[in-house]
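**Student:** Pasting a structure below so you can have a look.
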Amino acid sequence: MKKLINLPVMLSALTMLTVPLLHAEDWPAPIKAVEARGAEIIQRFDAPSGLQGYAARYNGQGVALYLTEDGQHVLVGSLLNAKGEDLSRQPLDRLVYEPLAKEMLGKLERSTWIADGSAKAPRILYMFSDPNCPYCNMFWKQARPWVEAGDVQIRHVMVGMLRQDSVEKAAALLNAKDQQAALHEHESAGKASKLKVLKKIPAAIQQQLDNNLGLMAEMGVAATPAIFYPDENGQLRQQRGAPSPDVLKQIMGPRS
């Protein structure tokens with residue numbers, strides 16, 4: 001499955017030196033022109049061959065800008081050396097993707113979710129989950145060995161988007177006295193689930209579901225499941241859809 005977020009893979013080809021953050025009014029005209037087209041200019045960085053590099057964000061993705069030596073033109077994209085190594089990757093990882101990952105993780109932690117697994121689990125995943133999503137149920141089943149062993153806790157960020165009664169089912173899970181037990185009963189039953197919809201949704205729960213759906217859109221996610229997990233370097237990555245067996249091992253980590 002495709003990963004939407006390609007967060008830090010550090011390269012040793014180039015050691016970048018951070019230069020002081022510039023204010024918007026100090027940016028050269030070509031950089032301001034890119035900003036006017038919707039890019040968020042993050043910070044300047046050193047670049048070879050007389051170029052000045054600028055890290056930017058556009059539509060949630062990192063973009064490298066290179067100002068020419070005369071200050072009159074800007075190049076947008078990756079800068080490769082004679083070996084074909086991408087010299088844009090390291091500054092974008094450091095200046096764009098690492099801060100973005102921390103920001104995303106903070107928002108996920110503050111969202112409304114139902115825990116699946118031990119609170120003492122050393123590995124925590126977040127997943128946007130719809131009660132009617134068959135692929136969410138597939139991943140729930142795939143994850144059982146790790147969850148039941150206490151190795152992983154999955155935090156289901158509940159949304160209602162797939163069917164007409166998805167919101168009412170998600171609300172029923174959030175309204176349950178024992179949310180974790182209700183989620184376990186629903187997912188373990190699969191298509192045979194007898195989860196009763198919540199017709200009269202309390203305003204607080206509706207707001208939680210609206211906020212989760214808004215966060216899902218903000219993070220560029222359009223379908224469930226969307227799984228956010230730490231890679232071997234502790235950086236946040238995203239998996240869309242139920243993973244293949246090989247990817248599943250990467251997501252869940254080692255078993256005890």
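Here, A, B, ... name the chains of the structure tokens in the order displayed, residue numbers run from 1 inside each chain, and ligands are numbered from 1 in the same displayed order.
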If you run DSSP on the backbone here, which positions in region 42-210 of chain A get alpha helix (DSSP H)? Please write them as a PyMOL selection string.

**Tutor:** chain A and resi 89-92+98-110+134-142+144-148+166-175+179-189+203-210

**Student:** Can you pull out the residues contacting region 118-131 of chain A? Cut-off 7 Å, using only C-alpha atoms, and skip same-chain residues under 2 positions away; I want them as a PyMOL selection string.

**Tutor:** chain A and resi 133+136+150-162+166+169-170+224-229

**Student:** How would the residues just picked look written out with N, CA and C atoms as a PDB file, in the first residue's frame?

**Tutor:**
ATOM      1  N   CYS A 133     -16.072   0.022   8.057  1.00  0.00           N
ATOM      2  CA  CYS A 133     -14.941  -0.172   7.144  1.00  0.00           C
ATOM      3  C   CYS A 133     -14.431  -1.617   7.208  1.00  0.00           C
ATOM      4  N   CYS A 136     -10.650  -1.748   7.884  1.00  0.00           N
ATOM      5  CA  CYS A 136     -10.330  -1.476   9.291  1.00  0.00           C
ATOM      6  C   CYS A 136     -10.458  -2.765  10.093  1.00  0.00           C
ATOM      7  N   GLY A 150       0.516  -7.633  24.283  1.00  0.00           N
ATOM      8  CA  GLY A 150       0.866  -6.434  25.036  1.00  0.00           C
ATOM      9  C   GLY A 150       1.970  -5.618  24.388  1.00  0.00           C
ATOM     10  N   ASP A 151       2.282  -5.918  23.126  1.00  0.00           N
ATOM     11  CA  ASP A 151       3.363  -5.211  22.440  1.00  0.00           C
ATOM     12  C   ASP A 151       2.911  -3.908  21.805  1.00  0.00           C
ATOM     13  N   VAL A 152       1.633  -3.827  21.434  1.00  0.00           N
ATOM     14  CA  VAL A 152       1.130  -2.678  20.681  1.00  0.00           C
ATOM     15  C   VAL A 152      -0.223  -2.252  21.232  1.00  0.00           C
ATOM     16  N   GLN A 153      -0.412  -0.945  21.305  1.00  0.00           N
ATOM     17  CA  GLN A 153      -1.744  -0.386  21.547  1.00  0.00           C
ATOM     18  C   GLN A 153      -2.144   0.402  20.300  1.00  0.00           C
ATOM     19  N   ILE A 154      -3.330   0.109  19.784  1.00  0.00           N
ATOM     20  CA  ILE A 154      -3.859   0.844  18.632  1.00  0.00           C
ATOM     21  C   ILE A 154      -4.924   1.808  19.130  1.00  0.00           C
ATOM     22  N   ARG A 155      -4.761   3.054  18.793  1.00  0.00           N
ATOM     23  CA  ARG A 155      -5.734   4.066  19.188  1.00  0.00           C
ATOM     24  C   ARG A 155      -6.607   4.408  17.984  1.00  0.00           C
ATOM     25  N   HIS A 156      -7.859   3.983  18.047  1.00  0.00           N
ATOM     26  CA  HIS A 156      -8.797   4.154  16.945  1.00  0.00           C
ATOM     27  C   HIS A 156      -9.410   5.560  17.003  1.00  0.00           C
ATOM     28  N   VAL A 157      -9.025   6.394  16.075  1.00  0.00           N
ATOM     29  CA  VAL A 157      -9.603   7.736  15.961  1.00  0.00           C
ATOM     30  C   VAL A 157     -10.886   7.577  15.155  1.00  0.00           C
ATOM     31  N   MET A 158     -11.999   7.582  15.864  1.00  0.00           N
ATOM     32  CA  MET A 158     -13.265   7.201  15.243  1.00  0.00           C
ATOM     33  C   MET A 158     -13.832   8.306  14.347  1.00  0.00           C
ATOM     34  N   VAL A 159     -14.292   7.885  13.155  1.00  0.00           N
ATOM     35  CA  VAL A 159     -14.963   8.785  12.224  1.00  0.00           C
ATOM     36  C   VAL A 159     -16.171   8.048  11.654  1.00  0.00           C
ATOM     37  N   GLY A 160     -17.101   8.809  11.106  1.00  0.00           N
ATOM     38  CA  GLY A 160     -18.256   8.226  10.436  1.00  0.00           C
ATOM     39  C   GLY A 160     -18.385   8.825   9.053  1.00  0.00           C
ATOM     40  N   MET A 161     -18.062   8.032   8.009  1.00  0.00           N
ATOM     41  CA  MET A 161     -18.033   8.607   6.665  1.00  0.00           C
ATOM     42  C   MET A 161     -18.442   7.631   5.570  1.00  0.00           C
ATOM     43  N   LEU A 162     -18.420   6.332   5.812  1.00  0.00           N
ATOM     44  CA  LEU A 162     -18.614   5.377   4.721  1.00  0.00           C
ATOM     45  C   LEU A 162     -20.080   5.145   4.363  1.00  0.00           C
ATOM     46  N   SER A 166     -22.823   5.247   9.661  1.00  0.00           N
ATOM     47  CA  SER A 166     -21.468   5.199  10.221  1.00  0.00           C
ATOM     48  C   SER A 166     -21.312   6.132  11.415  1.00  0.00           C
ATOM     49  N   LYS A 169     -23.050   4.663  14.457  1.00  0.00           N
ATOM     50  CA  LYS A 169     -22.302   3.546  15.034  1.00  0.00           C
ATOM     51  C   LYS A 169     -21.056   4.040  15.766  1.00  0.00           C
ATOM     52  N   ALA A 170     -20.353   4.996  15.160  1.00  0.00           N
ATOM     53  CA  ALA A 170     -19.171   5.557  15.822  1.00  0.00           C
ATOM     54  C   ALA A 170     -19.572   6.222  17.129  1.00  0.00           C
ATOM     55  N   THR A 224     -10.459   5.269   4.992  1.00  0.00           N
ATOM     56  CA  THR A 224     -10.060   4.460   6.145  1.00  0.00           C
ATOM     57  C   THR A 224      -9.725   3.049   5.680  1.00  0.00           C
ATOM     58  N   PRO A 225      -8.832   2.361   6.400  1.00  0.00           N
ATOM     59  CA  PRO A 225      -8.045   2.859   7.524  1.00  0.00           C
ATOM     60  C   PRO A 225      -6.835   3.662   7.068  1.00  0.00           C
ATOM     61  N   ALA A 226      -6.445   4.637   7.859  1.00  0.00           N
ATOM     62  CA  ALA A 226      -5.184   5.358   7.686  1.00  0.00           C
ATOM     63  C   ALA A 226      -4.428   5.182   8.986  1.00  0.00           C
ATOM     64  N   ILE A 227      -3.295   4.505   8.915  1.00  0.00           N
ATOM     65  CA  ILE A 227      -2.554   4.081  10.096  1.00  0.00           C
ATOM     66  C   ILE A 227      -1.277   4.908  10.211  1.00  0.00           C
ATOM     67  N   PHE A 228      -1.063   5.489  11.370  1.00  0.00           N
ATOM     68  CA  PHE A 228       0.144   6.274  11.633  1.00  0.00           C
ATOM     69  C   PHE A 228       0.994   5.507  12.637  1.00  0.00           C
ATOM     70  N   TYR A 229       2.259   5.274  12.285  1.00  0.00           N
ATOM     71  CA  TYR A 229       3.106   4.417  13.102  1.00  0.00           C
ATOM     72  C   TYR A 229       4.552   4.903  13.079  1.00  0.00           C
TER      73      TYR A 229
END

**Student:** What does the structure give for the distance between CA of Arg255 (chain A) and CA of Ala149 (chain A), in Å to one decimal?

**Tutor:**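 About the pair CA of Arg255 (chain A) and CA of Ala149 (chain A): they are 7.6 Å apart.
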
**Student:** Excluding Gly50 (chain A) and its own-chain neighbours fewer than 6 positions away, which residues fall within 10 Å of it when counting only C-alpha atoms? Please give them as a list in words.

**Tutor:**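 Everything that qualifies: Tyr66, Leu67, Thr68, Glu69 and Asp70 of chain A.
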
**Student:** Create the file for the chosen residues now, containing all heavy atoms and written as an mmCIF file, in the first residue's frame.

**Tutor:**
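Ended up saving to selection-v5.cif:
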data_model
loop_
_atom_site.group_PDB
_atom_site.id
_atom_site.type_symbol
_atom_site.label_atom_id
_atom_site.label_comp_id
_atom_site.auth_asym_id
_atom_site.auth_seq_id
_atom_site.Cartn_x
_atom_site.Cartn_y
_atom_site.Cartn_z
ATOM 1 N N TYR A 66 15.535 26.872 -4.811
ATOM 2 C CA TYR A 66 16.939 27.257 -4.954
ATOM 3 C C TYR A 66 17.026 28.592 -5.689
ATOM 4 O O TYR A 66 16.684 28.683 -6.868
ATOM 5 C CB TYR A 66 17.714 26.171 -5.700
ATOM 6 C CG TYR A 66 17.813 24.890 -4.906
ATOM 7 C CD1 TYR A 66 16.923 23.843 -5.124
ATOM 8 C CD2 TYR A 66 18.768 24.754 -3.902
ATOM 9 C CE1 TYR A 66 16.998 22.686 -4.375
ATOM 10 C CE2 TYR A 66 18.844 23.593 -3.140
ATOM 11 C CZ TYR A 66 17.951 22.558 -3.383
ATOM 12 O OH TYR A 66 18.020 21.415 -2.632
ATOM 13 N N LEU A 67 17.483 29.608 -4.964
ATOM 14 C CA LEU A 67 17.656 30.943 -5.521
ATOM 15 C C LEU A 67 18.992 31.009 -6.249
ATOM 16 O O LEU A 67 20.025 30.604 -5.707
ATOM 17 C CB LEU A 67 17.611 31.983 -4.397
ATOM 18 C CG LEU A 67 17.635 33.452 -4.818
ATOM 19 C CD1 LEU A 67 16.307 33.839 -5.475
ATOM 20 C CD2 LEU A 67 17.896 34.334 -3.602
ATOM 21 N N THR A 68 18.979 31.502 -7.492
ATOM 22 C CA THR A 68 20.219 31.588 -8.260
ATOM 23 C C THR A 68 21.133 32.659 -7.680
ATOM 24 O O THR A 68 20.710 33.527 -6.915
ATOM 25 C CB THR A 68 19.913 31.909 -9.732
ATOM 26 O OG1 THR A 68 19.137 33.108 -9.808
ATOM 27 C CG2 THR A 68 19.151 30.767 -10.394
ATOM 28 N N GLU A 69 22.401 32.608 -8.073
ATOM 29 C CA GLU A 69 23.413 33.485 -7.484
ATOM 30 C C GLU A 69 23.106 34.949 -7.690
ATOM 31 O O GLU A 69 23.437 35.796 -6.859
ATOM 32 C CB GLU A 69 24.788 33.136 -8.068
ATOM 33 C CG GLU A 69 25.951 33.754 -7.303
ATOM 34 C CD GLU A 69 27.280 33.173 -7.741
ATOM 35 O OE1 GLU A 69 27.305 32.385 -8.710
ATOM 36 O OE2 GLU A 69 28.302 33.497 -7.104
ATOM 37 N N ASP A 70 22.456 35.294 -8.826
ATOM 38 C CA ASP A 70 22.140 36.696 -9.081
ATOM 39 C C ASP A 70 20.889 37.152 -8.333
ATOM 40 O O ASP A 70 20.528 38.331 -8.372
ATOM 41 C CB ASP A 70 21.978 36.949 -10.582
ATOM 42 C CG ASP A 70 20.846 36.142 -11.218
ATOM 43 O OD1 ASP A 70 20.080 35.493 -10.476
ATOM 44 O OD2 ASP A 70 20.726 36.146 -12.458
#

**Student:** Do you have the CA of Pro99 (chain A)-CA of Asp231 (chain A) distance handy?

**Tutor:**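 Computing it gives 15.8 Å between the two atoms.
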
**Student:** Can you check which residues of region 59-156 of chain A DSSP gives as strand (DSSP E or B) on the backbone and send them as a PyMOL selection string?

**Tutor:** chain A and resi 61-67+74-76+80+86+113-116+123-129+152-156

**Student:** Selected residues, N, CA, C and O atoms, written as a compact mmCIF listing (two decimals), in the first residue's frame, please.

**Tutor:**
# COMPACT_ATOMS: atom_id res chain seq x y z
N GLN A 61 3.27 19.04 1.72
CA GLN A 61 4.49 18.37 1.30
C GLN A 61 5.67 19.33 1.32
O GLN A 61 5.50 20.54 1.15
N GLY A 62 6.87 18.79 1.53
CA GLY A 62 8.07 19.60 1.53
C GLY A 62 8.51 19.92 0.11
O GLY A 62 8.46 19.06 -0.78
N VAL A 63 8.93 21.16 -0.11
CA VAL A 63 9.40 21.60 -1.42
C VAL A 63 10.71 22.36 -1.22
O VAL A 63 10.80 23.23 -0.35
N ALA A 64 11.72 22.05 -2.02
CA ALA A 64 12.99 22.76 -1.97
C ALA A 64 13.04 23.83 -3.05
O ALA A 64 12.70 23.57 -4.21
N LEU A 65 13.43 25.04 -2.66
CA LEU A 65 13.57 26.15 -3.59
C LEU A 65 15.05 26.54 -3.63
O LEU A 65 15.72 26.56 -2.60
N TYR A 66 15.54 26.87 -4.81
CA TYR A 66 16.94 27.26 -4.95
C TYR A 66 17.03 28.59 -5.69
O TYR A 66 16.68 28.68 -6.87
N LEU A 67 17.48 29.61 -4.96
CA LEU A 67 17.66 30.94 -5.52
C LEU A 67 18.99 31.01 -6.25
O LEU A 67 20.03 30.60 -5.71
N VAL A 74 14.40 31.53 -9.33
CA VAL A 74 14.29 30.45 -8.35
C VAL A 74 13.98 29.14 -9.08
O VAL A 74 13.18 29.10 -10.01
N LEU A 75 14.69 28.09 -8.67
CA LEU A 75 14.46 26.75 -9.20
C LEU A 75 13.70 25.95 -8.14
O LEU A 75 14.02 26.03 -6.95
N VAL A 76 12.71 25.20 -8.55
CA VAL A 76 11.87 24.44 -7.62
C VAL A 76 12.04 22.95 -7.89
O VAL A 76 11.85 22.50 -9.03
N LEU A 80 20.37 17.31 -7.44
CA LEU A 80 21.16 16.08 -7.45
C LEU A 80 22.63 16.41 -7.67
O LEU A 80 22.96 17.35 -8.41
N ASP A 86 20.25 12.84 -3.94
CA ASP A 86 19.31 13.95 -3.76
C ASP A 86 19.76 14.80 -2.57
O ASP A 86 19.63 14.40 -1.42
N TRP A 113 -10.13 9.13 20.70
CA TRP A 113 -9.84 7.78 20.21
C TRP A 113 -10.24 6.75 21.25
O TRP A 113 -10.43 7.04 22.43
N ILE A 114 -10.37 5.50 20.76
CA ILE A 114 -10.65 4.36 21.62
C ILE A 114 -9.42 3.47 21.62
O ILE A 114 -8.94 3.05 20.56
N ALA A 115 -8.92 3.17 22.79
CA ALA A 115 -7.71 2.36 22.90
C ALA A 115 -8.03 0.89 22.69
O ALA A 115 -9.03 0.37 23.18
N ASP A 116 -7.17 0.23 21.95
CA ASP A 116 -7.25 -1.21 21.74
C ASP A 116 -5.89 -1.79 22.15
O ASP A 116 -4.91 -1.66 21.43
N ARG A 123 4.66 0.21 22.10
CA ARG A 123 4.46 0.78 20.76
C ARG A 123 3.01 1.23 20.62
O ARG A 123 2.08 0.47 20.91
N ILE A 124 2.82 2.47 20.17
CA ILE A 124 1.47 3.04 20.03
C ILE A 124 1.25 3.43 18.57
O ILE A 124 2.08 4.11 17.95
N LEU A 125 0.12 3.00 18.03
CA LEU A 125 -0.28 3.36 16.68
C LEU A 125 -1.59 4.16 16.74
O LEU A 125 -2.38 4.00 17.68
N TYR A 126 -1.80 4.99 15.74
CA TYR A 126 -3.08 5.69 15.59
C TYR A 126 -3.70 5.29 14.27
O TYR A 126 -3.00 5.13 13.26
N MET A 127 -5.02 5.12 14.27
CA MET A 127 -5.70 4.72 13.05
C MET A 127 -7.05 5.42 12.93
O MET A 127 -7.88 5.36 13.85
N PHE A 128 -7.29 6.11 11.81
CA PHE A 128 -8.62 6.63 11.52
C PHE A 128 -9.48 5.42 11.14
O PHE A 128 -9.14 4.67 10.22
N SER A 129 -10.59 5.26 11.86
CA SER A 129 -11.38 4.03 11.74
C SER A 129 -12.87 4.35 11.63
O SER A 129 -13.40 5.15 12.40
N VAL A 152 1.63 -3.83 21.43
CA VAL A 152 1.13 -2.68 20.68
C VAL A 152 -0.22 -2.25 21.23
O VAL A 152 -1.07 -3.09 21.57
N GLN A 153 -0.41 -0.95 21.31
CA GLN A 153 -1.74 -0.39 21.55
C GLN A 153 -2.14 0.40 20.30
O GLN A 153 -1.38 1.23 19.81
N ILE A 154 -3.33 0.11 19.78
CA ILE A 154 -3.86 0.84 18.63
C ILE A 154 -4.92 1.81 19.13
O ILE A 154 -5.87 1.40 19.81
N ARG A 155 -4.76 3.05 18.79
CA ARG A 155 -5.73 4.07 19.19
C ARG A 155 -6.61 4.41 17.98
O ARG A 155 -6.15 5.01 17.01
N HIS A 156 -7.86 3.98 18.05
CA HIS A 156 -8.80 4.15 16.94
C HIS A 156 -9.41 5.56 17.00
O HIS A 156 -10.22 5.85 17.89

**Student:** Between CA of Lys107 (chain A) and CA of Leu215 (chain A), what is the spacing in Å?

**Tutor:**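 Calculated distance between CA of Leu215 (chain A) and CA of Lys107 (chain A) is 7.8 Å.
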
**Student:** If we count only C-alpha atoms and set the cut-off at 12 Å, which residues sit around Pro134 (chain A), ignoring sequence neighbours fewer than 4 positions away in its own chain? Please answer as a short mmCIF file (atom, residue, chain, number, x, y, z; two decimals) with all heavy atoms, in the first residue's frame.

**Tutor:**
data_model
loop_
_atom_site.label_atom_id
_atom_site.label_comp_id
_atom_site.auth_asym_id
_atom_site.auth_seq_id
_atom_site.Cartn_x
_atom_site.Cartn_y
_atom_site.Cartn_z
N SER A 129 -10.59 5.26 11.86
CA SER A 129 -11.38 4.03 11.74
C SER A 129 -12.87 4.35 11.63
O SER A 129 -13.40 5.15 12.40
CB SER A 129 -11.13 3.14 12.96
OG SER A 129 -11.85 1.94 12.88
N ASP A 130 -13.53 3.74 10.65
CA ASP A 130 -14.98 3.85 10.48
C ASP A 130 -15.59 2.51 10.88
O ASP A 130 -15.09 1.45 10.48
CB ASP A 130 -15.31 4.17 9.01
CG ASP A 130 -16.78 4.42 8.77
OD1 ASP A 130 -17.60 3.49 9.00
OD2 ASP A 130 -17.14 5.53 8.34
N MET A 138 -10.18 -5.77 8.87
CA MET A 138 -9.10 -6.66 8.45
C MET A 138 -7.82 -6.35 9.22
O MET A 138 -7.14 -7.27 9.71
CB MET A 138 -8.85 -6.50 6.94
CG MET A 138 -7.78 -7.42 6.39
SD MET A 138 -7.46 -7.12 4.63
CE MET A 138 -9.08 -7.49 3.94
N PHE A 139 -7.51 -5.06 9.37
CA PHE A 139 -6.30 -4.70 10.11
C PHE A 139 -6.46 -5.05 11.58
O PHE A 139 -5.50 -5.47 12.23
CB PHE A 139 -5.99 -3.21 9.93
CG PHE A 139 -4.78 -2.77 10.71
CD1 PHE A 139 -3.52 -3.24 10.38
CD2 PHE A 139 -4.91 -1.91 11.79
CE1 PHE A 139 -2.40 -2.85 11.12
CE2 PHE A 139 -3.80 -1.51 12.52
CZ PHE A 139 -2.54 -1.99 12.17
N TRP A 140 -7.65 -4.86 12.13
CA TRP A 140 -7.90 -5.22 13.53
C TRP A 140 -7.55 -6.69 13.75
O TRP A 140 -6.89 -7.04 14.74
CB TRP A 140 -9.36 -4.94 13.89
CG TRP A 140 -9.70 -5.18 15.33
CD1 TRP A 140 -9.60 -4.29 16.37
CD2 TRP A 140 -10.16 -6.41 15.90
NE1 TRP A 140 -9.98 -4.88 17.54
CE2 TRP A 140 -10.34 -6.18 17.30
CE3 TRP A 140 -10.47 -7.66 15.38
CZ2 TRP A 140 -10.79 -7.17 18.16
CZ3 TRP A 140 -10.91 -8.66 16.24
CH2 TRP A 140 -11.07 -8.41 17.61
N LYS A 141 -7.96 -7.54 12.82
CA LYS A 141 -7.68 -8.97 12.94
C LYS A 141 -6.18 -9.25 12.75
O LYS A 141 -5.61 -10.08 13.46
CB LYS A 141 -8.51 -9.75 11.94
CG LYS A 141 -10.00 -9.74 12.25
CD LYS A 141 -10.81 -10.48 11.19
CE LYS A 141 -12.30 -10.47 11.53
NZ LYS A 141 -13.11 -11.13 10.48
N LEU A 162 -18.42 6.33 5.81
CA LEU A 162 -18.61 5.38 4.72
C LEU A 162 -20.08 5.15 4.36
O LEU A 162 -20.42 5.02 3.19
CB LEU A 162 -17.96 4.04 5.08
CG LEU A 162 -16.43 4.02 5.09
CD1 LEU A 162 -15.91 2.63 5.40
CD2 LEU A 162 -15.88 4.50 3.75
N ARG A 163 -20.93 5.04 5.37
CA ARG A 163 -22.34 4.76 5.14
C ARG A 163 -23.20 5.73 5.93
O ARG A 163 -22.71 6.48 6.77
CB ARG A 163 -22.68 3.32 5.54
CG ARG A 163 -21.95 2.26 4.74
CD ARG A 163 -22.34 0.88 5.20
NE ARG A 163 -21.52 -0.16 4.62
CZ ARG A 163 -21.54 -1.44 4.99
NH1 ARG A 163 -22.37 -1.82 5.96
NH2 ARG A 163 -20.76 -2.32 4.41
N HIS A 186 -17.52 -5.43 18.63
CA HIS A 186 -17.93 -5.05 17.28
C HIS A 186 -16.96 -5.60 16.23
O HIS A 186 -17.38 -6.21 15.24
CB HIS A 186 -18.00 -3.52 17.17
CG HIS A 186 -18.17 -3.01 15.79
ND1 HIS A 186 -19.32 -3.22 15.04
CD2 HIS A 186 -17.33 -2.29 14.98
CE1 HIS A 186 -19.19 -2.66 13.85
NE2 HIS A 186 -17.99 -2.10 13.79
N GLU A 187 -15.67 -5.41 16.45
CA GLU A 187 -14.69 -5.83 15.45
C GLU A 187 -14.55 -7.35 15.39
O GLU A 187 -14.37 -7.92 14.31
CB GLU A 187 -13.33 -5.19 15.75
CG GLU A 187 -13.31 -3.67 15.65
CD GLU A 187 -13.48 -3.15 14.23
OE1 GLU A 187 -13.55 -3.98 13.29
OE2 GLU A 187 -13.55 -1.93 14.05
N SER A 188 -14.63 -8.02 16.52
CA SER A 188 -14.49 -9.48 16.52
C SER A 188 -15.66 -10.15 15.81
O SER A 188 -15.50 -11.23 15.22
CB SER A 188 -14.37 -10.01 17.95
OG SER A 188 -15.52 -9.68 18.72
N ALA A 189 -16.83 -9.52 15.83
CA ALA A 189 -18.01 -10.08 15.14
C ALA A 189 -17.97 -9.84 13.64
O ALA A 189 -18.61 -10.57 12.87
CB ALA A 189 -19.28 -9.48 15.74
N GLY A 190 -17.24 -8.81 13.20
CA GLY A 190 -17.16 -8.51 11.78
C GLY A 190 -18.52 -8.16 11.20
O GLY A 190 -19.26 -7.35 11.76
N LYS A 191 -18.88 -8.81 10.08
CA LYS A 191 -20.16 -8.53 9.42
C LYS A 191 -21.35 -8.91 10.29
O LYS A 191 -22.47 -8.42 10.07
CB LYS A 191 -20.23 -9.26 8.09
CG LYS A 191 -19.24 -8.74 7.04
CD LYS A 191 -19.41 -9.49 5.73
CE LYS A 191 -18.44 -8.96 4.67
NZ LYS A 191 -18.57 -9.70 3.38
N ALA A 192 -21.13 -9.79 11.26
CA ALA A 192 -22.22 -10.23 12.13
C ALA A 192 -22.40 -9.32 13.35
O ALA A 192 -23.19 -9.64 14.24
CB ALA A 192 -21.95 -11.66 12.60
N SER A 193 -21.71 -8.20 13.37
CA SER A 193 -21.81 -7.29 14.52
C SER A 193 -23.24 -6.85 14.78
O SER A 193 -23.99 -6.55 13.84
CB SER A 193 -20.94 -6.06 14.27
OG SER A 193 -21.14 -5.10 15.30
N ALA A 223 -9.59 8.23 3.12
CA ALA A 223 -10.22 6.93 3.27
C ALA A 223 -9.70 6.24 4.53
O ALA A 223 -8.65 6.59 5.06
CB ALA A 223 -9.94 6.06 2.04
N THR A 224 -10.46 5.27 4.99
CA THR A 224 -10.06 4.46 6.14
C THR A 224 -9.73 3.05 5.68
O THR A 224 -10.28 2.59 4.68
CB THR A 224 -11.18 4.41 7.19
OG1 THR A 224 -12.38 3.90 6.58
CG2 THR A 224 -11.46 5.80 7.76
N PRO A 225 -8.83 2.36 6.40
CA PRO A 225 -8.05 2.86 7.52
C PRO A 225 -6.83 3.66 7.07
O PRO A 225 -6.27 3.39 6.01
CB PRO A 225 -7.59 1.58 8.21
CG PRO A 225 -7.45 0.60 7.07
CD PRO A 225 -8.56 0.93 6.12
N GLY A 241 -4.80 1.91 4.07
CA GLY A 241 -5.36 0.61 3.74
C GLY A 241 -4.74 -0.50 4.57
O GLY A 241 -3.71 -0.33 5.22
N ALA A 242 -5.38 -1.66 4.55
CA ALA A 242 -4.85 -2.82 5.27
C ALA A 242 -3.52 -3.21 4.64
O ALA A 242 -3.42 -3.35 3.42
CB ALA A 242 -5.84 -3.98 5.19
#

**Student:** Quick one: of A:Arg237, A:Lys249, A:Arg89, A:Lys102, who's nearest to Trp146 (chain A), counting only C-alpha atoms?

**Tutor:**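 Once distances to Trp146 (chain A) are computed over only C-alpha atoms, the minimum belongs to A:Lys249.
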
**Student:** I need the residue nearest Gly53 (chain A) from this list: A:Leu213, A:Leu92, A:Val197, A:Ala39. Use only C-alpha atoms for the distance.

**Tutor:**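 Nearest to Gly53 (chain A): A:Leu92.
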
**Student:** Just want the 7 Å neighbourhood of Glu168 (chain A), counted on only C-alpha atoms, with same-chain residues fewer than 3 positions away dropped. Output as a list in words.

**Tutor:**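 Near Glu168 (chain A), the qualifying residues are Asp165, Ala171, Ala172, Val197, Leu198 and Lys199 of chain A.
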
**Student:** Output the selection as an mmCIF file, in the first residue's frame - N, CA and C atoms for each residue.

**Tutor:**
data_model
loop_
_atom_site.group_PDB
_atom_site.id
_atom_site.type_symbol
_atom_site.label_atom_id
_atom_site.label_comp_id
_atom_site.auth_asym_id
_atom_site.auth_seq_id
_atom_site.Cartn_x
_atom_site.Cartn_y
_atom_site.Cartn_z
ATOM 1 N N ASP A 165 -25.215 5.159 8.315
ATOM 2 C CA ASP A 165 -25.254 4.927 9.759
ATOM 3 C C ASP A 165 -23.867 4.892 10.399
ATOM 4 N N ALA A 171 -20.704 6.925 17.109
ATOM 5 C CA ALA A 171 -21.203 7.578 18.318
ATOM 6 C C ALA A 171 -21.549 6.546 19.388
ATOM 7 N N ALA A 172 -22.114 5.410 18.970
ATOM 8 C CA ALA A 172 -22.468 4.356 19.920
ATOM 9 C C ALA A 172 -21.216 3.807 20.613
ATOM 10 N N VAL A 197 -27.019 1.331 16.684
ATOM 11 C CA VAL A 197 -26.693 2.724 16.378
ATOM 12 C C VAL A 197 -27.238 3.626 17.481
ATOM 13 N N LEU A 198 -26.619 4.786 17.625
ATOM 14 C CA LEU A 198 -27.072 5.785 18.587
ATOM 15 C C LEU A 198 -27.812 6.872 17.818
ATOM 16 N N LYS A 199 -29.133 6.812 17.875
ATOM 17 C CA LYS A 199 -29.940 7.729 17.071
ATOM 18 C C LYS A 199 -29.842 9.171 17.551
#

**Student:** Need to verify the contact set: Glu232 (chain A), 10 Å, only C-alpha atoms, exclusion of same-chain residues closer than 6 positions in sequence. Can you return it as number ranges by chain?

**Tutor:** A: 250-251, 253

**Student:** Write to file, as a PDB file, in the first residue's frame, the residues of the selection just made, with N, CA and C atoms.

**Tutor:**
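Result written to selection-v3.pdb:
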ATOM      1  N   GLN A 250       6.507  -4.225   9.626  1.00  0.00           N
ATOM      2  CA  GLN A 250       7.131  -2.914   9.826  1.00  0.00           C
ATOM      3  C   GLN A 250       6.267  -2.043  10.721  1.00  0.00           C
ATOM      4  N   ILE A 251       4.981  -2.105  10.507  1.00  0.00           N
ATOM      5  CA  ILE A 251       4.054  -1.276  11.282  1.00  0.00           C
ATOM      6  C   ILE A 251       3.995  -1.705  12.746  1.00  0.00           C
ATOM      7  N   GLY A 253       6.093  -3.802  14.469  1.00  0.00           N
ATOM      8  CA  GLY A 253       7.335  -3.955  15.203  1.00  0.00           C
ATOM      9  C   GLY A 253       7.531  -5.372  15.695  1.00  0.00           C
TER      10      GLY A 253
END

**Student:** Using only C-alpha atoms, which of A:Pro30, A:Leu79, A:Pro48, A:Thr112 sits nearest Met216 (chain A)?

**Tutor:** A:Thr112

**Student:** Which polymer residues have any atom within 12 Å of an atom of Val96 (chain A), counting only C-alpha atoms, with same-chain residues fewer than 6 positions away left out, as a ChimeraX atom specification?

**Tutor:** /A:5-8,40-45,54-58,60-64,88-90,102-103

**Student:** When distances are computed from only C-alpha atoms, which of A:His184, A:Arg110, A:Arg240, A:Lys194 shows the smallest separation from Asn211 (chain A)?

**Tutor:**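 Residue with the minimum atom-to-atom distance to Asn211 (chain A): A:Arg110.
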